[in-house]
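*Asks:* Encoded as structure tokens, here's the structure I'll be asking about.
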Amino acid sequence: MSQVPDLDAGPKVMGDDGQFHATDDEVDLSGTPIEAWAALGFFWLLGLTVFYQFFTRYALNNSASWTEEIARYFLIATVFTGATIGVAKNNHIHVDFFYRYMPAAFARAMSTLVDLVRVAFFGAATFLTGQMMDKLGSYKMTIIDLPMNIVYGVVMAGFAAMCLRAVWVAKVHWQRGYSVLQRPESDMNDR
């Protein structure tokens, strides 16, 4: 026979007076990394651009042609600055299943190798983006008369920030003697 859950076992939000009583935790944004603020700024610019596009298309019946291209570029900027947050929190997708069955020394060596490959990848991506910007030269955006290197500059800055954050993550892993691959229950705040 199944048991009926006790609804009064959780936190009490309805007072004896029948009113809803809840208090929010204090918001603390002091630990928010600079990349998160940059991503939020690009996201708001993207939202405003899309709203302007919607307004001109459906309210004024005269669509602004530049909004589609600029919205795409703001989305690219949001993604590349936002990806830095994932690197800083070390929560990009990874497989830690095999680390449970590896000998501890081998798991440590493999997780260190993963950290080094991550740093190398983001460093190479930064370098290759810079080379591509060199080759583009004065290539302009399709509709707006601005250099396309503005967009690629944001991408390169995102890769460079990811590389720096990957170095920081590798340093944290080295100092504490394990990574999230070895101990999935840990996070970057554990010391």
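Quick note on naming: the chains in the structure tokens go A, B, ... in the order shown, residues restart at 1 in each chain, and ligands are numbered from 1 in order of appearance.
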Give me, as a ChimeraX atom specification, all polymer residues having an atom no more than 9 Å from A:Thr67, counting only C-alpha atoms and skipping those fewer than 6 positions away in the same chain.
*Replies:* /A:49-50,52-53
*Asks:* With a distance cut-off of 8 Å and only C-alpha atoms, select the neighbouring residues of A:Ala36, excluding the residue or stretch itself and same-chain residues fewer than 6 positions from it, and output the selection as a PyMOL selection string.
*Replies:* chain A and resi 81-82+85
*Asks:* Write out as number ranges by chain each polymer residue whose atoms come within 6 Å of A:Phe122, counting only C-alpha atoms; drop sequence neighbours fewer than 2 positions from it.
*Replies:* A: 119-120, 124-125, 159, 163
*Asks:* List the neighbours of A:Val114 out to 10 Å using only C-alpha atoms; skip same-chain residues closer than 4 positions along the sequence, and give me the result as a list in words.
*Replies:* Arg108, Ala109, Met110, Arg118, Val119, Ala120, Ala170, Ser179 and Leu181 of chain A
*Asks:* Please produce an output containing N, CA and C atoms for each residue in the selection, written as a PDB file, in the first residue's frame.
*Replies:*
```pdb
ATOM      1  N   ARG A 108      44.324  10.897 -12.307  1.00  0.00           N
ATOM      2  CA  ARG A 108      44.922  12.221 -12.074  1.00  0.00           C
ATOM      3  C   ARG A 108      45.691  12.681 -13.303  1.00  0.00           C
ATOM      4  N   ALA A 109      46.460  11.782 -13.893  1.00  0.00           N
ATOM      5  CA  ALA A 109      47.234  12.118 -15.097  1.00  0.00           C
ATOM      6  C   ALA A 109      46.298  12.469 -16.257  1.00  0.00           C
ATOM      7  N   MET A 110      45.237  11.705 -16.409  1.00  0.00           N
ATOM      8  CA  MET A 110      44.298  11.963 -17.505  1.00  0.00           C
ATOM      9  C   MET A 110      43.554  13.290 -17.310  1.00  0.00           C
ATOM     10  N   ARG A 118      42.603  21.447 -23.003  1.00  0.00           N
ATOM     11  CA  ARG A 118      41.622  22.538 -23.009  1.00  0.00           C
ATOM     12  C   ARG A 118      42.320  23.883 -23.179  1.00  0.00           C
ATOM     13  N   VAL A 119      43.383  24.101 -22.416  1.00  0.00           N
ATOM     14  CA  VAL A 119      44.132  25.355 -22.534  1.00  0.00           C
ATOM     15  C   VAL A 119      44.705  25.491 -23.945  1.00  0.00           C
ATOM     16  N   ALA A 120      45.282  24.412 -24.471  1.00  0.00           N
ATOM     17  CA  ALA A 120      45.863  24.438 -25.818  1.00  0.00           C
ATOM     18  C   ALA A 120      44.793  24.722 -26.872  1.00  0.00           C
ATOM     19  N   ALA A 170      42.819  24.912 -14.507  1.00  0.00           N
ATOM     20  CA  ALA A 170      43.912  23.931 -14.410  1.00  0.00           C
ATOM     21  C   ALA A 170      44.754  24.181 -13.158  1.00  0.00           C
ATOM     22  N   SER A 179      40.428  16.898  -9.939  1.00  0.00           N
ATOM     23  CA  SER A 179      39.549  17.714 -10.769  1.00  0.00           C
ATOM     24  C   SER A 179      38.121  17.210 -10.646  1.00  0.00           C
ATOM     25  N   LEU A 181      36.539  15.810 -12.867  1.00  0.00           N
ATOM     26  CA  LEU A 181      36.447  14.510 -13.519  1.00  0.00           C
ATOM     27  C   LEU A 181      36.644  13.379 -12.508  1.00  0.00           C
TER      28      LEU A 181
END
```
*Asks:* Please list as a PyMOL selection string every residue within 12 Å of A:Thr142, counting only C-alpha atoms and excluding residues in the same chain fewer than 5 positions away.
*Replies:* chain A and resi 65-70+72-73+147-148
*Asks:* Using the selection just defined, write its residues with C-alpha atoms as an mmCIF file, in the first residue's frame.
*Replies:*
```cif
data_model
loop_
_atom_site.group_PDB
_atom_site.id
_atom_site.type_symbol
_atom_site.label_atom_id
_atom_site.label_comp_id
_atom_site.auth_asym_id
_atom_site.auth_seq_id
_atom_site.Cartn_x
_atom_site.Cartn_y
_atom_site.Cartn_z
ATOM 1 C CA SER A 65 16.758 45.715 -42.798
ATOM 2 C CA TRP A 66 19.836 45.999 -40.599
ATOM 3 C CA THR A 67 18.309 44.353 -37.523
ATOM 4 C CA GLU A 68 18.585 40.755 -38.776
ATOM 5 C CA GLU A 69 22.328 41.003 -39.354
ATOM 6 C CA ILE A 70 23.081 42.925 -36.156
ATOM 7 C CA ARG A 72 22.976 37.646 -35.461
ATOM 8 C CA TYR A 73 26.199 39.361 -34.422
ATOM 9 C CA PRO A 147 34.334 46.198 -40.451
ATOM 10 C CA MET A 148 33.554 42.516 -40.002
#
```
*Asks:* Can you tell me how far atom CA of A:Trp44 sits from atom CA of A:Val155, in Å to one decimal?
*Replies:* 17.8 Å
*Asks:* Closest to A:Glu35 among A:Thr126, A:Thr84, A:Asn90, A:Gln175, using only C-alpha atoms?
*Replies:* A:Thr84
*Asks:* Excluding A:Ala107 and any residue of its chain fewer than 5 positions from it, enumerate the residues within 8 Å of it, using only C-alpha atoms, and give them as a tab-separated table (two decimals) with C-alpha atoms, in the first residue's frame.
*Replies:*
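Result went into part.tsv, see below:
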```tsv
chain	number	residue	atom	x	y	z
A	99	TYR	CA	37.38	8.01	-14.04
A	102	MET	CA	40.66	4.08	-13.33
A	182	GLN	CA	37.80	12.57	-10.57
```
*Asks:* So the first atom is atom CA of A:Gly47 and the second is atom CA of A:Ala71; what is the distance between them in Å, to one decimal place?
*Replies:*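 These atoms are spaced 8.2 Å apart.
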*Asks:* What does the structure give for the distance between atom CA of A:Phe127 and atom CA of A:Ile150, in Å to one decimal?
*Replies:*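 Pair atom CA of A:Phe127 / atom CA of A:Ile150 returns 16.1 Å.
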